Amino acid sequence: MYVCICNGVTDRDIAAAAAAGCAGVHELTMRTGCGATCGSCMDMAADLLAQAHGRRESGIIALSDIARAA
Ligand code: FES
């Protein structure tokens with residue numbers, strides 16, 4: 001499915017970027033263009049990237065991450 005309509009980035013593109021070592025949404029934007037135009041796709045892109053990594057990397061710290069780190 002298309003995640004970023006502006007730049008034609010799909011969920012498969014995001015999964016491929018994650019598998020290639022993409023560590024965060026800023027790097028995802030540099031690699032794929034996702035989020036580089038209107039930015040409305042960034043939340044979904046961050047979620048998909050986090051799913052690909054099995055953890056949340058959107059820059060927002062989830063309460064479950066805090067509890068895990070304590
Ligand atoms: S939908 Fe991704 S930048 Fe606009």
# chains A, B, ... in the order shown; residues from 1 in each chain; ligands from 1

call {"tool": "residues_around", "arguments": {"residues": "Gly39 of chain A", "least_positions_apart": "4", "cutoff": "10 Å", "atoms": "only C-alpha atoms", "output": "CSV table (one decimal) with all heavy atoms, in the first residue's frame"}}
result
chain,number,residue,atom,x,y,z
A,4,CYS,N,3.2,7.1,1.5
A,4,CYS,CA,3.5,8.5,1.1
A,4,CYS,C,3.0,8.7,-0.4
A,4,CYS,O,3.7,8.3,-1.3
A,4,CYS,CB,5.0,8.8,1.2
A,4,CYS,SG,5.5,10.4,0.7
A,6,CYS,N,2.7,11.6,-1.9
A,6,CYS,CA,3.5,12.7,-2.5
A,6,CYS,C,4.7,12.1,-3.3
A,6,CYS,O,5.0,12.6,-4.3
A,6,CYS,CB,3.9,13.7,-1.5
A,6,CYS,SG,2.6,14.7,-0.7
A,29,THR,N,13.4,9.3,5.3
A,29,THR,CA,13.2,10.4,4.4
A,29,THR,C,14.3,10.6,3.4
A,29,THR,O,14.1,10.7,2.2
A,29,THR,CB,12.9,11.7,5.2
A,29,THR,OG1,11.7,11.5,6.0
A,29,THR,CG2,12.6,12.9,4.2
A,34,CYS,N,10.1,9.6,1.6
A,34,CYS,CA,8.9,9.6,2.4
A,34,CYS,C,8.9,10.7,3.4
A,34,CYS,O,9.8,10.9,4.2
A,34,CYS,CB,8.9,8.2,3.1
A,34,CYS,SG,7.3,8.0,4.1
A,35,GLY,N,7.8,11.5,3.3
A,35,GLY,CA,7.7,12.7,4.3
A,35,GLY,C,8.4,13.9,3.8
A,35,GLY,O,8.3,14.9,4.5
A,43,ASP,N,3.6,9.9,10.6
A,43,ASP,CA,3.2,9.0,11.7
A,43,ASP,C,3.1,7.6,11.2
A,43,ASP,O,3.6,6.7,11.9
A,43,ASP,CB,1.9,9.5,12.3
A,43,ASP,CG,2.0,10.7,13.1
A,43,ASP,OD1,3.2,11.1,13.5
A,43,ASP,OD2,1.0,11.4,13.4
A,45,ALA,N,4.5,6.2,8.6
A,45,ALA,CA,5.8,5.7,8.2
A,45,ALA,C,6.6,5.3,9.5
A,45,ALA,O,7.3,4.3,9.5
A,45,ALA,CB,6.6,6.8,7.4

call {"tool": "residues_near_ligand", "arguments": {"ligand": "ligand 1", "cutoff": "12 Å", "atoms": "only C-alpha atoms and all ligand atoms", "output": "list of chain:residue names"}}
result
A:Tyr2, A:Val3, A:Cys4, A:Ile5, A:Cys6, A:Asn7, A:Gly8, A:Val9, A:Thr10, A:Asp11, A:Val25, A:Leu28, A:Thr29, A:Thr32, A:Gly33, A:Cys34, A:Gly35, A:Ala36, A:Thr37, A:Cys38, A:Gly39, A:Ser40, A:Cys41, A:Met42, A:Asp43, A:Met44, A:Ala45, A:Ala46

call {"tool": "write_last_selection", "arguments": {"atoms": "C-alpha atoms", "output": "compact mmCIF listing (two decimals), in the first residue's frame"}}
result
# COMPACT_ATOMS: atom_id res chain seq x y z
CA TYR A 2 1.06 3.55 -0.56
CA VAL A 3 2.16 5.29 2.63
CA CYS A 4 3.50 8.47 1.08
CA ILE A 5 1.32 9.61 -1.79
CA CYS A 6 3.46 12.68 -2.52
CA ASN A 7 6.57 10.63 -3.20
CA GLY A 8 5.19 7.20 -4.12
CA VAL A 9 6.63 5.36 -1.13
CA THR A 10 5.00 2.06 -0.16
CA ASP A 11 5.01 -0.08 2.97
CA VAL A 25 12.36 8.42 10.15
CA LEU A 28 13.93 7.03 5.94
CA THR A 29 13.15 10.42 4.40
CA THR A 32 13.10 7.11 0.14
CA GLY A 33 11.74 10.66 0.07
CA CYS A 34 8.91 9.56 2.40
CA GLY A 35 7.70 12.65 4.26
CA ALA A 36 9.77 15.12 2.27
CA THR A 37 6.81 17.04 0.84
CA CYS A 38 3.67 17.55 2.97
CA GLY A 39 4.74 15.34 5.89
CA SER A 40 1.29 13.92 6.56
CA CYS A 41 2.59 10.37 6.14
CA MET A 42 5.23 10.55 8.84
CA ASP A 43 3.21 9.01 11.68
CA MET A 44 2.31 5.98 9.62
CA ALA A 45 5.84 5.74 8.24
CA ALA A 46 7.26 5.84 11.78

call {"tool": "residues_around", "arguments": {"residues": "Ala19 of chain A", "least_positions_apart": "5", "cutoff": "10 Å", "atoms": "only C-alpha atoms", "output": "list in words"}}
result
Asp13, Ile14, Leu49, Ala52 and His53 of chain A

call {"tool": "write_last_selection", "arguments": {"atoms": "C-alpha atoms", "output": "PDB file, in the first residue's frame"}}
result
ATOM      1  CA  ASP A  13       9.752   0.373   0.437  1.00  0.00           C
ATOM      2  CA  ILE A  14       9.789   1.136   4.163  1.00  0.00           C
ATOM      3  CA  LEU A  49       9.446   1.458  10.457  1.00  0.00           C
ATOM      4  CA  ALA A  52       9.887  -3.523  10.899  1.00  0.00           C
ATOM      5  CA  HIS A  53      12.390  -3.087  13.700  1.00  0.00           C
TER       6      HIS A  53
END

call {"tool": "atom_distance", "arguments": {"atom1": "atom CA of Gly54 of chain A", "atom2": "atom CA of His26 of chain A"}}
result
17.8 Å

call {"tool": "select_by_dssp", "arguments": {"residues": "segment 4-46 of chain A", "states": "alpha helix (DSSP H)", "output": "list in words"}}
result
Asp11, Arg12, Asp13, Ile14, Ala15, Ala16, Ala17, Ala18, Ala19, Val25, His26, Glu27, Leu28, Thr29, Met30, Arg31, Thr32, Met42, Asp43, Met44, Ala45 and Ala46 of chain A

call {"tool": "write_last_selection", "arguments": {"atoms": "N, CA, C and O atoms", "output": "mmCIF file, in the first residue's frame"}}
result
data_model
loop_
_atom_site.group_PDB
_atom_site.id
_atom_site.type_symbol
_atom_site.label_atom_id
_atom_site.label_comp_id
_atom_site.auth_asym_id
_atom_site.auth_seq_id
_atom_site.Cartn_x
_atom_site.Cartn_y
_atom_site.Cartn_z
ATOM 1 N N ASP A 11 4.604 0.649 1.751
ATOM 2 C CA ASP A 11 5.006 -0.077 2.967
ATOM 3 C C ASP A 11 6.153 -1.032 2.667
ATOM 4 O O ASP A 11 7.030 -1.239 3.505
ATOM 5 N N ARG A 12 6.185 -1.578 1.482
ATOM 6 C CA ARG A 12 7.298 -2.461 1.098
ATOM 7 C C ARG A 12 8.604 -1.696 0.992
ATOM 8 O O ARG A 12 9.666 -2.223 1.338
ATOM 9 N N ASP A 13 8.539 -0.461 0.498
ATOM 10 C CA ASP A 13 9.752 0.373 0.437
ATOM 11 C C ASP A 13 10.287 0.633 1.846
ATOM 12 O O ASP A 13 11.509 0.614 2.066
ATOM 13 N N ILE A 14 9.372 0.867 2.774
ATOM 14 C CA ILE A 14 9.789 1.136 4.163
ATOM 15 C C ILE A 14 10.381 -0.113 4.790
ATOM 16 O O ILE A 14 11.424 -0.056 5.460
ATOM 17 N N ALA A 15 9.762 -1.258 4.553
ATOM 18 C CA ALA A 15 10.303 -2.516 5.080
ATOM 19 C C ALA A 15 11.677 -2.801 4.489
ATOM 20 O O ALA A 15 12.587 -3.243 5.191
ATOM 21 N N ALA A 16 11.839 -2.506 3.202
ATOM 22 C CA ALA A 16 13.137 -2.730 2.553
ATOM 23 C C ALA A 16 14.194 -1.794 3.133
ATOM 24 O O ALA A 16 15.343 -2.200 3.350
ATOM 25 N N ALA A 17 13.811 -0.548 3.381
ATOM 26 C CA ALA A 17 14.754 0.403 3.977
ATOM 27 C C ALA A 17 15.157 -0.055 5.374
ATOM 28 O O ALA A 17 16.340 0.014 5.741
ATOM 29 N N ALA A 18 14.191 -0.536 6.146
ATOM 30 C CA ALA A 18 14.499 -1.029 7.492
ATOM 31 C C ALA A 18 15.449 -2.220 7.419
ATOM 32 O O ALA A 18 16.417 -2.297 8.186
ATOM 33 N N ALA A 19 15.192 -3.115 6.498
ATOM 34 C CA ALA A 19 16.053 -4.298 6.348
ATOM 35 C C ALA A 19 17.458 -3.920 5.905
ATOM 36 O O ALA A 19 18.427 -4.617 6.210
ATOM 37 N N VAL A 25 13.169 7.789 11.187
ATOM 38 C CA VAL A 25 12.356 8.422 10.152
ATOM 39 C C VAL A 25 13.121 9.478 9.361
ATOM 40 O O VAL A 25 12.855 9.676 8.180
ATOM 41 N N HIS A 26 14.064 10.137 9.982
ATOM 42 C CA HIS A 26 14.844 11.125 9.233
ATOM 43 C C HIS A 26 15.679 10.432 8.161
ATOM 44 O O HIS A 26 15.773 10.896 7.025
ATOM 45 N N GLU A 27 16.256 9.327 8.532
ATOM 46 C CA GLU A 27 17.034 8.548 7.561
ATOM 47 C C GLU A 27 16.113 7.964 6.492
ATOM 48 O O GLU A 27 16.480 7.905 5.312
ATOM 49 N N LEU A 28 14.897 7.557 6.905
ATOM 50 C CA LEU A 28 13.927 7.031 5.939
ATOM 51 C C LEU A 28 13.595 8.088 4.895
ATOM 52 O O LEU A 28 13.506 7.790 3.703
ATOM 53 N N THR A 29 13.431 9.320 5.327
ATOM 54 C CA THR A 29 13.152 10.419 4.398
ATOM 55 C C THR A 29 14.317 10.594 3.431
ATOM 56 O O THR A 29 14.114 10.746 2.223
ATOM 57 N N MET A 30 15.525 10.529 3.941
ATOM 58 C CA MET A 30 16.695 10.694 3.070
ATOM 59 C C MET A 30 16.805 9.547 2.065
ATOM 60 O O MET A 30 17.165 9.757 0.918
ATOM 61 N N ARG A 31 16.452 8.337 2.504
ATOM 62 C CA ARG A 31 16.606 7.176 1.626
ATOM 63 C C ARG A 31 15.496 7.059 0.588
ATOM 64 O O ARG A 31 15.736 6.620 -0.533
ATOM 65 N N THR A 32 14.241 7.394 1.012
ATOM 66 C CA THR A 32 13.098 7.109 0.138
ATOM 67 C C THR A 32 12.354 8.356 -0.328
ATOM 68 O O THR A 32 11.565 8.275 -1.260
ATOM 69 N N MET A 42 4.136 10.879 7.933
ATOM 70 C CA MET A 42 5.231 10.545 8.839
ATOM 71 C C MET A 42 4.831 9.666 10.019
ATOM 72 O O MET A 42 5.611 8.808 10.435
ATOM 73 N N ASP A 43 3.625 9.863 10.560
ATOM 74 C CA ASP A 43 3.214 9.013 11.679
ATOM 75 C C ASP A 43 3.106 7.564 11.244
ATOM 76 O O ASP A 43 3.601 6.661 11.920
ATOM 77 N N MET A 44 2.451 7.350 10.104
ATOM 78 C CA MET A 44 2.309 5.976 9.616
ATOM 79 C C MET A 44 3.670 5.398 9.239
ATOM 80 O O MET A 44 3.958 4.238 9.526
ATOM 81 N N ALA A 45 4.507 6.215 8.620
ATOM 82 C CA ALA A 45 5.842 5.740 8.238
ATOM 83 C C ALA A 45 6.642 5.347 9.479
ATOM 84 O O ALA A 45 7.322 4.313 9.482
ATOM 85 N N ALA A 46 6.551 6.154 10.535
ATOM 86 C CA ALA A 46 7.257 5.839 11.776
ATOM 87 C C ALA A 46 6.745 4.544 12.378
ATOM 88 O O ALA A 46 7.533 3.718 12.857
#

call {"tool": "decode", "arguments": {"residues": "segment 1-21 of chain A", "atoms": "N, CA and C atoms", "output": "PDB file, in the first residue's frame"}}
result
ATOM      1  N   MET A   1       0.844  -1.184   0.000  1.00  0.00           N
ATOM      2  CA  MET A   1       0.000   0.000   0.000  1.00  0.00           C
ATOM      3  C   MET A   1       0.885   1.242   0.000  1.00  0.00           C
ATOM      4  N   TYR A   2       0.318   2.296  -0.582  1.00  0.00           N
ATOM      5  CA  TYR A   2       1.059   3.552  -0.563  1.00  0.00           C
ATOM      6  C   TYR A   2       0.953   4.203   0.815  1.00  0.00           C
ATOM      7  N   VAL A   3       2.091   4.574   1.351  1.00  0.00           N
ATOM      8  CA  VAL A   3       2.155   5.293   2.627  1.00  0.00           C
ATOM      9  C   VAL A   3       2.341   6.778   2.348  1.00  0.00           C
ATOM     10  N   CYS A   4       3.218   7.086   1.453  1.00  0.00           N
ATOM     11  CA  CYS A   4       3.503   8.474   1.079  1.00  0.00           C
ATOM     12  C   CYS A   4       3.037   8.695  -0.361  1.00  0.00           C
ATOM     13  N   ILE A   5       1.895   9.355  -0.470  1.00  0.00           N
ATOM     14  CA  ILE A   5       1.325   9.608  -1.791  1.00  0.00           C
ATOM     15  C   ILE A   5       2.184  10.614  -2.546  1.00  0.00           C
ATOM     16  N   CYS A   6       2.679  11.622  -1.856  1.00  0.00           N
ATOM     17  CA  CYS A   6       3.459  12.676  -2.518  1.00  0.00           C
ATOM     18  C   CYS A   6       4.672  12.121  -3.252  1.00  0.00           C
ATOM     19  N   ASN A   7       5.305  11.113  -2.653  1.00  0.00           N
ATOM     20  CA  ASN A   7       6.573  10.629  -3.200  1.00  0.00           C
ATOM     21  C   ASN A   7       6.529   9.163  -3.617  1.00  0.00           C
ATOM     22  N   GLY A   8       5.347   8.562  -3.617  1.00  0.00           N
ATOM     23  CA  GLY A   8       5.191   7.203  -4.116  1.00  0.00           C
ATOM     24  C   GLY A   8       5.913   6.150  -3.307  1.00  0.00           C
ATOM     25  N   VAL A   9       5.939   6.309  -2.000  1.00  0.00           N
ATOM     26  CA  VAL A   9       6.630   5.358  -1.129  1.00  0.00           C
ATOM     27  C   VAL A   9       5.602   4.383  -0.539  1.00  0.00           C
ATOM     28  N   THR A  10       5.917   3.098  -0.636  1.00  0.00           N
ATOM     29  CA  THR A  10       4.999   2.062  -0.159  1.00  0.00           C
ATOM     30  C   THR A  10       5.486   1.446   1.157  1.00  0.00           C
ATOM     31  N   ASP A  11       4.604   0.649   1.751  1.00  0.00           N
ATOM     32  CA  ASP A  11       5.006  -0.077   2.967  1.00  0.00           C
ATOM     33  C   ASP A  11       6.153  -1.032   2.667  1.00  0.00           C
ATOM     34  N   ARG A  12       6.185  -1.578   1.482  1.00  0.00           N
ATOM     35  CA  ARG A  12       7.298  -2.461   1.098  1.00  0.00           C
ATOM     36  C   ARG A  12       8.604  -1.696   0.992  1.00  0.00           C
ATOM     37  N   ASP A  13       8.539  -0.461   0.498  1.00  0.00           N
ATOM     38  CA  ASP A  13       9.752   0.373   0.437  1.00  0.00           C
ATOM     39  C   ASP A  13      10.287   0.633   1.846  1.00  0.00           C
ATOM     40  N   ILE A  14       9.372   0.867   2.774  1.00  0.00           N
ATOM     41  CA  ILE A  14       9.789   1.136   4.163  1.00  0.00           C
ATOM     42  C   ILE A  14      10.381  -0.113   4.790  1.00  0.00           C
ATOM     43  N   ALA A  15       9.762  -1.258   4.553  1.00  0.00           N
ATOM     44  CA  ALA A  15      10.303  -2.516   5.080  1.00  0.00           C
ATOM     45  C   ALA A  15      11.677  -2.801   4.489  1.00  0.00           C
ATOM     46  N   ALA A  16      11.839  -2.506   3.202  1.00  0.00           N
ATOM     47  CA  ALA A  16      13.137  -2.730   2.553  1.00  0.00           C
ATOM     48  C   ALA A  16      14.194  -1.794   3.133  1.00  0.00           C
ATOM     49  N   ALA A  17      13.811  -0.548   3.381  1.00  0.00           N
ATOM     50  CA  ALA A  17      14.754   0.403   3.977  1.00  0.00           C
ATOM     51  C   ALA A  17      15.157  -0.055   5.374  1.00  0.00           C
ATOM     52  N   ALA A  18      14.191  -0.536   6.146  1.00  0.00           N
ATOM     53  CA  ALA A  18      14.499  -1.029   7.492  1.00  0.00           C
ATOM     54  C   ALA A  18      15.449  -2.220   7.419  1.00  0.00           C
ATOM     55  N   ALA A  19      15.192  -3.115   6.498  1.00  0.00           N
ATOM     56  CA  ALA A  19      16.053  -4.298   6.348  1.00  0.00           C
ATOM     57  C   ALA A  19      17.458  -3.920   5.905  1.00  0.00           C
ATOM     58  N   ALA A  20      17.564  -2.773   5.222  1.00  0.00           N
ATOM     59  CA  ALA A  20      18.872  -2.307   4.756  1.00  0.00           C
ATOM     60  C   ALA A  20      19.591  -1.468   5.808  1.00  0.00           C
ATOM     61  N   GLY A  21      18.980  -1.335   7.001  1.00  0.00           N
ATOM     62  CA  GLY A  21      19.658  -0.659   8.093  1.00  0.00           C
ATOM     63  C   GLY A  21      19.153   0.720   8.421  1.00  0.00           C
TER      64      GLY A  21
END
